[in-house]
file model.txt (compact mmCIF, C-alpha atoms)
# COMPACT_ATOMS: atom_id res chain seq x y z
CA MET D 1 0.00 0.00 0.00
CA ALA D 2 1.32 3.43 -0.99
CA ILE D 3 0.20 6.46 1.05
CA GLU D 4 0.03 9.94 -0.48
CA ARG D 5 0.09 12.84 1.97
CA ILE D 6 -1.92 15.61 0.39
CA THR D 7 -3.72 18.87 1.15
CA PHE D 8 -6.84 19.85 -0.76
CA PRO D 9 -8.94 23.04 -0.56
CA GLY D 10 -11.91 23.02 1.79
CA PRO D 11 -15.17 24.89 1.17
CA GLY D 12 -13.75 28.20 2.46
CA GLY D 13 -10.36 27.76 0.83
CA THR D 14 -8.71 26.40 3.97
CA GLY D 15 -6.32 23.50 3.43
CA LEU D 16 -7.60 20.12 4.57
CA SER D 17 -4.94 17.56 5.42
CA ALA D 18 -5.50 14.09 4.00
CA ARG D 19 -3.94 10.73 3.32
CA LEU D 20 -4.76 8.77 0.23
CA ASP D 21 -4.15 5.05 0.66
CA MET D 22 -3.47 3.76 -2.86
CA PRO D 23 -3.35 0.13 -3.94
CA GLU D 24 0.04 -1.05 -5.08
CA GLY D 25 -1.71 -2.99 -7.83
CA PRO D 26 -4.57 -1.94 -10.12
CA HIS D 27 -6.87 0.83 -8.86
CA LEU D 28 -10.41 -0.56 -9.07
CA ALA D 29 -12.46 2.02 -7.13
CA THR D 30 -12.24 4.79 -4.51
CA ALA D 31 -13.68 5.20 -1.00
CA LEU D 32 -13.91 8.24 1.29
CA PHE D 33 -13.60 7.87 5.07
CA ALA D 34 -15.08 10.39 7.56
CA HIS D 35 -13.76 10.21 11.12
CA CYS D 36 -15.62 10.59 14.41
CA PHE D 37 -16.31 13.79 16.37
CA THR D 38 -13.03 15.54 17.36
CA CYS D 39 -11.01 12.52 16.19
CA GLY D 40 -8.76 12.46 13.14
CA LYS D 41 -7.83 10.60 9.99
CA ASP D 42 -5.21 8.46 11.75
CA ILE D 43 -7.34 6.66 14.34
CA PRO D 44 -6.78 2.85 14.32
CA ALA D 45 -10.17 2.07 12.79
CA ALA D 46 -9.52 4.41 9.85
CA ARG D 47 -6.01 3.06 9.26
CA ARG D 48 -7.05 -0.58 9.29
CA ILE D 49 -10.12 -0.13 7.12
CA ALA D 50 -8.13 1.92 4.62
CA GLY D 51 -5.39 -0.71 4.56
CA ARG D 52 -7.80 -3.58 3.93
CA LEU D 53 -9.65 -1.77 1.15
CA ALA D 54 -6.38 -0.74 -0.49
CA ALA D 55 -5.34 -4.40 -0.49
CA MET D 56 -8.56 -5.08 -2.43
CA GLY D 57 -7.68 -2.47 -5.03
CA ILE D 58 -9.84 0.29 -3.51
CA ALA D 59 -8.12 3.62 -2.84
CA VAL D 60 -9.21 5.36 0.38
CA LEU D 61 -9.06 9.09 1.13
CA ARG D 62 -9.17 9.89 4.86
CA PHE D 63 -8.85 13.51 5.97
CA ASP D 64 -9.07 15.79 8.99
CA PHE D 65 -12.16 17.99 9.15
CA THR D 66 -11.63 21.75 9.36
CA GLY D 67 -9.88 22.77 12.58
CA LEU D 68 -8.86 19.24 13.52
CA GLY D 69 -5.60 17.32 13.19
CA HIS D 70 -3.37 18.88 10.57
CA SER D 71 -6.15 20.70 8.72
CA GLU D 72 -6.34 24.48 8.73
CA GLY D 73 -9.20 26.51 10.16
CA ASP D 74 -10.74 27.17 13.57
CA PHE D 75 -12.74 24.34 15.12
CA GLU D 76 -14.87 26.90 16.99
CA GLU D 77 -16.24 28.12 13.67
CA THR D 78 -17.14 24.67 12.37
CA SER D 79 -20.45 22.81 12.50
CA PHE D 80 -22.09 19.60 11.38
CA SER D 81 -23.00 21.35 8.14
CA SER D 82 -19.39 22.39 7.62
CA ASN D 83 -18.33 18.74 8.09
CA VAL D 84 -20.75 17.76 5.33
CA ASN D 85 -19.33 20.52 3.13
CA ASP D 86 -15.81 19.26 3.86
CA LEU D 87 -16.91 15.83 2.62
CA LEU D 88 -18.32 17.34 -0.55
CA ALA D 89 -15.04 19.21 -1.07
CA ALA D 90 -13.14 15.94 -0.67
CA CYS D 91 -15.39 14.37 -3.32
CA ARG D 92 -14.71 17.28 -5.67
CA TYR D 93 -10.99 16.82 -5.15
CA LEU D 94 -11.20 13.12 -5.92
CA SER D 95 -13.43 13.73 -8.93
CA GLY D 96 -10.82 16.17 -10.22
CA ARG D 97 -8.36 13.29 -10.18
CA GLU D 98 -10.91 11.06 -11.93
CA MET D 99 -11.31 9.10 -8.68
CA ALA D 100 -14.90 9.94 -7.70
CA PRO D 101 -15.68 7.79 -4.62
CA ALA D 102 -18.17 4.96 -5.01
CA LEU D 103 -18.04 4.12 -1.28
CA LEU D 104 -18.49 6.44 1.72
CA ILE D 105 -17.53 5.26 5.21
CA GLY D 106 -18.40 7.28 8.30
CA HIS D 107 -17.48 6.71 11.95
CA SER D 108 -19.73 8.17 14.70
CA LEU D 109 -20.64 11.78 13.75
CA GLY D 110 -18.73 11.15 10.53
CA GLY D 111 -21.32 8.45 9.83
CA ALA D 112 -24.11 11.01 10.16
CA ALA D 113 -22.17 13.32 7.86
CA VAL D 114 -21.76 10.72 5.09
CA LEU D 115 -25.49 9.92 5.27
CA LYS D 116 -26.20 13.63 4.77
CA ALA D 117 -23.64 14.05 1.99
CA ALA D 118 -24.54 10.89 0.05
CA ALA D 119 -27.85 12.41 -1.07
CA GLN D 120 -25.85 14.98 -3.07
CA LEU D 121 -23.46 12.47 -4.63
CA PRO D 122 -25.00 10.39 -7.44
CA HIS D 123 -21.74 8.52 -8.07
CA VAL D 124 -21.86 6.89 -4.60
CA SER D 125 -23.15 3.32 -4.75
CA ALA D 126 -22.46 2.18 -1.15
CA VAL D 127 -22.45 3.82 2.29
CA ALA D 128 -21.18 2.22 5.52
CA THR D 129 -21.59 3.68 9.01
CA LEU D 130 -19.83 2.72 12.26
CA GLY D 131 -21.46 3.70 15.56
CA ALA D 132 -23.30 6.58 13.88
CA PRO D 133 -26.01 8.66 15.63
CA PHE D 134 -29.44 8.96 14.01
CA ASP D 135 -29.75 12.47 15.46
CA PRO D 136 -26.52 14.53 15.03
CA ALA D 137 -27.43 16.53 18.15
CA HIS D 138 -26.73 13.34 20.10
CA VAL D 139 -23.08 14.41 20.40
CA THR D 140 -24.01 17.25 22.75
CA HIS D 141 -24.33 14.74 25.59
CA ASN D 142 -20.51 14.68 25.60
CA PHE D 143 -20.55 18.20 27.07
CA ALA D 144 -24.09 18.46 28.46
CA GLU D 145 -22.89 20.14 31.65
CA SER D 146 -21.47 23.03 29.59
CA LEU D 147 -24.64 23.73 27.58
CA PRO D 148 -25.92 26.42 30.00
CA GLU D 149 -22.58 28.24 29.82
CA ILE D 150 -22.53 27.99 26.03
CA SER D 151 -26.07 29.39 25.87
CA GLU D 152 -25.24 32.27 28.21
CA ASN D 153 -21.85 33.26 26.78
CA GLY D 154 -22.16 32.11 23.18
CA SER D 155 -19.33 29.58 23.59
CA ALA D 156 -17.40 27.59 26.18
CA GLU D 157 -14.26 25.48 26.40
CA VAL D 158 -15.03 21.82 27.00
CA ASN D 159 -12.82 18.81 27.55
CA LEU D 160 -13.28 16.01 25.05
CA GLY D 161 -11.05 12.98 25.18
CA GLY D 162 -8.52 14.82 27.33
CA ARG D 163 -8.23 17.76 24.92
CA PRO D 164 -9.79 21.26 25.16
CA PHE D 165 -12.20 22.37 22.44
CA THR D 166 -14.23 25.55 22.15
CA ILE D 167 -17.87 24.82 21.34
CA SER D 168 -20.02 27.68 20.07
CA GLN D 169 -23.78 28.18 20.26
CA GLY D 170 -23.81 28.19 16.48
CA PHE D 171 -22.40 24.66 16.54
CA ILE D 172 -25.19 23.58 18.91
CA ASP D 173 -27.91 25.25 16.82
CA ASP D 174 -26.64 23.60 13.65
CA LEU D 175 -26.64 20.16 15.28
CA GLN D 176 -30.14 20.60 16.64
CA GLY D 177 -31.42 21.70 13.27
CA ALA D 178 -29.94 18.73 11.39
CA THR D 179 -32.27 15.87 10.53
CA LEU D 180 -31.19 12.70 8.75
CA ALA D 181 -34.45 10.79 8.25
CA PRO D 182 -35.30 12.35 4.83
CA ASP D 183 -31.73 11.88 3.58
CA ILE D 184 -31.62 8.23 4.71
CA ALA D 185 -35.03 7.51 3.17
CA GLY D 186 -33.91 9.03 -0.13
CA LEU D 187 -30.55 7.29 -0.18
CA LYS D 188 -29.84 5.88 -3.64
CA ALA D 189 -26.94 3.75 -2.43
CA ALA D 190 -26.72 0.45 -0.56
CA LEU D 191 -26.36 0.93 3.19
CA LEU D 192 -24.36 -1.03 5.77
CA VAL D 193 -25.02 -0.14 9.43
CA MET D 194 -22.43 -1.39 11.94
CA HIS D 195 -22.85 -0.79 15.66
CA ALA D 196 -21.81 -2.29 18.99
CA PRO D 197 -24.70 -3.21 21.33
CA ARG D 198 -22.65 -2.04 24.32
CA ASP D 199 -21.63 1.29 22.79
CA GLU D 200 -21.73 3.71 25.73
CA ILE D 201 -21.30 6.84 23.60
CA VAL D 202 -23.92 6.27 20.88
CA SER D 203 -26.53 3.71 21.91
CA ILE D 204 -27.55 0.82 19.68
CA ASP D 205 -31.02 2.41 19.32
CA ASN D 206 -29.50 4.83 16.84
CA ALA D 207 -28.51 1.97 14.54
CA GLY D 208 -32.07 0.68 14.63
CA GLN D 209 -33.46 4.09 13.68
CA ILE D 210 -31.02 4.47 10.79
CA PHE D 211 -31.76 0.97 9.55
CA MET D 212 -35.54 1.40 9.72
CA ALA D 213 -35.42 4.77 7.94
CA ALA D 214 -33.49 3.32 5.00
CA LYS D 215 -34.89 1.46 2.03
CA HIS D 216 -33.34 -1.72 0.66
CA PRO D 217 -30.65 -2.74 -0.08
CA LYS D 218 -29.56 -2.37 3.54
CA SER D 219 -27.61 -4.53 5.96
CA PHE D 220 -26.85 -4.52 9.69
CA VAL D 221 -23.82 -6.11 11.35
CA THR D 222 -23.13 -6.04 15.07
CA LEU D 223 -19.70 -5.07 16.39
CA ASP D 224 -20.34 -7.16 19.51
CA ASP D 225 -18.36 -5.84 22.51
CA ALA D 226 -16.27 -3.27 20.62
CA ASP D 227 -15.95 0.18 22.17
CA HIS D 228 -17.23 3.28 20.40
CA LEU D 229 -13.83 4.23 18.93
CA ILE D 230 -13.14 0.63 17.84
CA THR D 231 -9.73 0.87 19.49
CA ARG D 232 -8.98 -2.86 19.79
CA PRO D 233 -7.10 -4.12 16.71
CA ARG D 234 -9.26 -7.22 16.37
CA ASP D 235 -12.45 -5.12 16.33
CA ALA D 236 -11.09 -2.75 13.70
CA GLU D 237 -9.88 -5.75 11.70
CA TYR D 238 -13.33 -7.33 11.86
CA ALA D 239 -15.04 -4.10 10.76
CA ALA D 240 -12.57 -3.73 7.91
CA GLU D 241 -13.16 -7.29 6.74
CA ILE D 242 -16.95 -6.91 6.77
CA ILE D 243 -16.91 -3.58 4.91
CA ALA D 244 -14.47 -4.88 2.31
CA THR D 245 -16.54 -8.01 1.66
CA TRP D 246 -19.88 -6.18 1.67
CA ALA D 247 -18.75 -3.31 -0.58
CA ASP D 248 -17.54 -5.69 -3.25
CA ARG D 249 -21.16 -6.70 -3.91
CA TYR D 250 -22.28 -3.16 -4.72
CA MET D 251 -19.25 -1.57 -6.37
CA ALA D 252 -19.04 -3.90 -9.39
CA LEU D 253 -15.28 -4.32 -9.10
CA LYS D 254 -13.55 -5.84 -12.07
CA SER D 255 -10.80 -8.34 -11.45
CA PRO D 256 -7.42 -6.91 -12.51
CA ALA D 257 -5.36 -8.58 -15.16
CA PRO D 258 -2.71 -10.87 -13.66
CA PRO D 259 0.79 -9.41 -13.51
CA PRO D 260 3.24 -10.50 -16.23
CA GLY D 261 4.88 -13.80 -15.37
CA ALA D 262 2.28 -14.64 -12.73
CA PRO D 263 -0.73 -16.05 -14.59
CA GLU D 264 -2.63 -16.85 -11.41
CA GLY D 265 -1.99 -13.45 -9.85
CA ILE D 266 -0.17 -12.42 -6.72
CA VAL D 267 -0.96 -13.48 -3.15
CA ARG D 268 -0.09 -10.70 -0.72
CA VAL D 269 0.38 -11.49 2.97
CA THR D 270 0.46 -8.55 5.39
CA GLU D 271 0.97 -8.62 9.14
CA ALA D 272 -2.29 -7.70 10.90
CA ASP D 273 -1.20 -7.96 14.55
CA ALA D 274 2.38 -7.17 15.53
CA ASP D 275 1.80 -8.62 19.01
CA GLY D 276 0.77 -12.03 17.69
CA PHE D 277 0.93 -13.86 14.38
CA LEU D 278 -2.31 -12.82 12.63
CA GLN D 279 -1.82 -12.21 8.89
CA ASP D 280 -4.01 -10.73 6.15
CA VAL D 281 -3.95 -12.93 3.05
CA ASN D 282 -5.25 -11.25 -0.11
CA ALA D 283 -5.39 -12.88 -3.55
CA GLY D 284 -6.50 -10.13 -5.92
CA PRO D 285 -9.49 -7.88 -5.12
CA HIS D 286 -12.05 -10.54 -4.28
CA HIS D 287 -10.40 -13.20 -2.10
CA HIS D 288 -9.36 -12.65 1.49
CA ALA D 289 -8.44 -14.98 4.33
CA LEU D 290 -6.69 -14.86 7.69
CA ALA D 291 -3.64 -16.88 8.66
CA ASP D 292 -2.69 -17.40 12.30
CA GLU D 293 -1.24 -19.86 14.78
CA PRO D 294 -3.04 -21.71 17.59
CA ARG D 295 -3.14 -20.03 21.00
CA ALA D 296 -0.75 -22.68 22.33
CA TYR D 297 1.91 -21.29 19.99
CA GLY D 298 1.32 -17.62 20.77
CA GLY D 299 -1.33 -16.94 18.13
CA THR D 300 -5.01 -16.08 18.43
CA ASN D 301 -6.34 -19.01 16.36
CA ARG D 302 -8.34 -16.72 14.04
CA GLY D 303 -7.21 -18.41 10.85
CA MET D 304 -5.57 -21.52 9.47
CA SER D 305 -1.91 -22.06 10.12
CA PRO D 306 0.54 -21.80 7.21
CA TYR D 307 0.69 -25.60 7.03
CA GLY D 308 -3.10 -25.62 7.10
CA PHE D 309 -3.10 -23.53 3.94
CA LEU D 310 -0.67 -25.97 2.33
CA SER D 311 -2.95 -28.86 3.25
CA ALA D 312 -5.96 -26.97 1.93
CA GLY D 313 -4.19 -26.39 -1.37
CA LEU D 314 -3.41 -30.08 -1.71
CA GLY D 315 -6.95 -31.14 -0.80
CA ALA D 316 -8.60 -28.61 -3.13
CA CYS D 317 -6.37 -29.47 -6.07
CA THR D 318 -6.92 -33.21 -5.50
CA SER D 319 -10.71 -32.82 -5.50
CA MET D 320 -10.66 -30.59 -8.61
CA THR D 321 -8.43 -33.00 -10.52
CA ILE D 322 -10.66 -35.98 -9.72
CA ARG D 323 -13.79 -34.05 -10.72
CA MET D 324 -12.26 -32.88 -13.99
CA TYR D 325 -11.30 -36.43 -14.99
CA ALA D 326 -14.68 -37.95 -14.01
CA ARG D 327 -16.52 -35.19 -15.88
CA ARG D 328 -14.48 -35.80 -19.02
CA LYS D 329 -15.15 -39.55 -18.81
CA GLY D 330 -18.84 -39.10 -18.02
CA TRP D 331 -18.57 -41.23 -14.90
CA PRO D 332 -21.32 -41.09 -12.21
CA LEU D 333 -19.31 -39.29 -9.57
CA ASP D 334 -21.78 -37.55 -7.23
CA GLY D 335 -19.33 -36.01 -4.79
CA VAL D 336 -15.70 -35.82 -3.63
CA SER D 337 -14.19 -35.00 -0.24
CA VAL D 338 -10.55 -35.06 0.74
CA ASP D 339 -9.21 -35.15 4.31
CA VAL D 340 -5.62 -33.97 4.54
CA CYS D 341 -3.31 -34.14 7.54
CA HIS D 342 0.30 -33.02 7.72
CA ASP D 343 3.09 -34.35 9.88
CA LYS D 344 6.86 -34.49 10.05
CA VAL D 345 8.27 -38.02 10.12
CA HIS D 346 11.74 -39.47 10.08
CA ALA D 347 12.89 -39.95 6.54
CA GLN D 348 13.74 -43.61 7.15
CA ASP D 349 10.07 -44.18 7.98
CA ALA D 350 9.32 -42.98 4.46
CA CYS D 351 11.87 -45.44 3.02
CA THR D 352 14.33 -42.74 1.94
CA GLY D 353 17.15 -44.05 4.11
CA ALA D 354 17.99 -40.58 5.46
CA ALA D 355 18.07 -39.66 9.15
CA GLU D 356 16.49 -36.22 8.95
CA LYS D 357 12.77 -35.55 9.21
CA ILE D 358 10.63 -34.90 6.15
CA ASP D 359 7.13 -33.55 5.62
CA THR D 360 4.37 -36.06 5.01
CA TRP D 361 0.83 -35.31 3.85
CA ARG D 362 -1.79 -38.03 4.17
CA ARG D 363 -4.92 -37.85 2.03
CA ARG D 364 -8.12 -39.77 2.66
CA ILE D 365 -10.41 -39.51 -0.34
CA ARG D 366 -14.14 -40.21 -0.35
CA LEU D 367 -15.85 -40.83 -3.70
CA GLU D 368 -19.64 -40.82 -3.81
CA GLY D 369 -21.66 -42.24 -6.66
CA ASP D 370 -22.43 -45.47 -8.50
CA LEU D 371 -18.83 -46.12 -9.53
CA THR D 372 -17.30 -49.45 -10.40
CA GLU D 373 -14.28 -50.64 -8.45
CA GLU D 374 -12.16 -50.11 -11.56
CA GLN D 375 -13.36 -46.51 -11.85
CA ARG D 376 -12.66 -45.85 -8.20
CA GLN D 377 -9.10 -47.17 -8.51
CA ARG D 378 -8.52 -45.09 -11.64
CA LEU D 379 -9.70 -41.93 -9.86
CA LEU D 380 -7.32 -42.75 -7.01
CA GLU D 381 -4.47 -42.90 -9.54
CA ILE D 382 -5.61 -39.59 -11.03
CA ALA D 383 -5.41 -37.99 -7.57
CA ASP D 384 -1.62 -38.44 -7.70
CA LYS D 385 -1.51 -36.38 -10.88
CA CYS D 386 -2.90 -33.22 -9.32
CA PRO D 387 -0.48 -30.29 -9.86
CA VAL D 388 -0.10 -29.42 -6.17
CA HIS D 389 0.70 -33.04 -5.36
CA ARG D 390 3.42 -33.03 -8.00
CA THR D 391 4.79 -29.73 -6.71
CA LEU D 392 5.04 -31.06 -3.16
CA GLU D 393 6.75 -34.28 -4.29
CA ARG D 394 9.46 -32.70 -6.37
CA SER D 395 12.08 -30.17 -5.34
CA SER D 396 11.04 -26.52 -5.41
CA THR D 397 12.98 -23.27 -5.45
CA VAL D 398 11.97 -20.17 -3.47
CA VAL D 399 13.52 -16.93 -4.75
CA THR D 400 13.39 -14.06 -2.26
CA GLU D 401 14.16 -10.37 -2.73
CA LEU D 402 13.95 -7.44 -0.33
CA LEU D 403 11.75 -4.56 -1.53
call {"tool": "encode", "arguments": {"input": "model.txt", "output": "structure tokens"}}
result
Amino acid sequence: MAIERITFPGPGGTGLSARLDMPEGPHLATALFAHCFTCGKDIPAARRIAGRLAAMGIAVLRFDFTGLGHSEGDFEETSFSSNVNDLLAACRYLSGREMAPALLIGHSLGGAAVLKAAAQLPHVSAVATLGAPFDPAHVTHNFAESLPEISENGSAEVNLGGRPFTISQGFIDDLQGATLAPDIAGLKAALLVMHAPRDEIVSIDNAGQIFMAAKHPKSFVTLDDADHLITRPRDAEYAAEIIATWADRYMALKSPAPPPGAPEGIVRVTEADADGFLQDVNAGPHHHALADEPRAYGGTNRGMSPYGFLSAGLGACTSMTIRMYARRKGWPLDGVSVDVCHDKVHAQDACTGAAEKIDTWRRRIRLEGDLTEEQRQRLLEIADKCPVHRTLERSSTVVTELL
């Protein structure tokens, strides 16, 4: 994944700081990410979701709203409406680069903002929200004790997440005047609502209101016990995986051409958890899996082990090879299943005469159908001709280079 650090003009001409996560391979589509209230473009949830989508071939622009992070402007002079306008400015910037976003993703108040903005963006085909409020004014509960002071003096300094922010009465008025129901009902894009039932900042009731206000196609996925900011890596990883899989259905992604010299494409493996062994495995834009180790070996057991993937490759190739042969012969093969187990045994046990250990894969093949004994034996012979079997039996060369 390549990251471009850019600044684009906001609605009032102020510079908005952004990062554009670009796929290293073919660029298939673009997404725009809106962060939560007083957060920024670099929160863990934004980084992980952007990384996953970029691995699928989807570029992601994530930026700081006016007055936040590295963006210019005064936060005191911003509002919910100005956040929506910032989103529209980001879309104009992307459109100017011929990268108009097909997917909008919004976290918390950013989720409310993308729901509001999507009505003005006909090129958007999918919208995903994370812990979004149905009523934007919901965020005022974060500084409810300061509302009287804001009303009396026109503004007040409040503490949000350990940082001071000046909130104006104009900001409050704009929030209270914002309604999302008409925008959600008129949404022309597919909607994915994600929310944690135990969210203590924005209650799960908001997700229900958003979902009920929307027309189909719409989907709801629970974030289980995730916190509002989705700070735990495994929660952000889960959200990223769901959004990536769901968005593929509505964005009509085209599979990229395979790179020269690699007719079956490239498999990219990226570390997902530096504290354990969890790995993202991406094969092109449509296929994703997780690799891990069992808990007994320091992993989190969220995916197959590397040897499990090798066994899966052997089993899948064996079944495909048998099916292809039976189909060509017109034999009554109703079904195939292959059990594969891997072990390391002493080479002398495998009749090689050597003392070192070697890898052994054992296959147990089940053939269903009205087959003769001769046909069954022939299919067993054909199993040994599967390409992965041949690769494992003969010597291989691994060429490695540092990028």
call {"tool": "residues_around", "arguments": {"input": "model.txt", "residues": "Lys215 (chain D)", "least_positions_apart": "6", "cutoff": "12 Å", "atoms": "only C-alpha atoms", "output": "list in words"}}
result
Ala181, Pro182, Asp183, Ile184, Ala185, Gly186, Leu187, Lys188, Ala189, Ala190, Leu191 and Leu192 of chain D
call {"tool": "atom_distance", "arguments": {"input": "model.txt", "atom1": "CA of Ile150 (chain D)", "atom2": "CA of Gln169 (chain D)"}}
result
5.9 Å
call {"tool": "atom_distance", "arguments": {"input": "model.txt", "atom1": "CA of His107 (chain D)", "atom2": "CA of His216 (chain D)"}}
result
21.2 Å
call {"tool": "atom_distance", "arguments": {"input": "model.txt", "atom1": "CA of Ile210 (chain D)", "atom2": "CA of Leu223 (chain D)"}}
result
15.8 Å
call {"tool": "closest_residue", "arguments": {"input": "model.txt", "among": "D:Ile358, D:Thr391, D:Ser108, D:Glu149", "to": "Leu310 (chain D)", "atoms": "all atoms listed in the file"}}
result
D:Thr391
call {"tool": "residues_around", "arguments": {"input": "model.txt", "residues": "Phe171 (chain D)", "least_positions_apart": "3", "cutoff": "8 Å", "atoms": "only C-alpha atoms", "output": "ChimeraX atom specification"}}
result
/D:76-80,167-168,174-175
call {"tool": "closest_residue", "arguments": {"input": "model.txt", "among": "D:Lys116, D:Arg362, D:His288, D:His123", "to": "Ala100 (chain D)", "atoms": "all atoms listed in the file"}}
result
D:His123
call {"tool": "closest_residue", "arguments": {"input": "model.txt", "among": "D:Leu229, D:Ile365, D:Ala214, D:Ile243", "to": "Ser337 (chain D)", "atoms": "all atoms listed in the file"}}
result
D:Ile365
call {"tool": "closest_residue", "arguments": {"input": "model.txt", "among": "D:Thr222, D:Thr14, D:Thr179, D:Ser71", "to": "Asp199 (chain D)", "atoms": "only C-alpha atoms"}}
result
D:Thr222
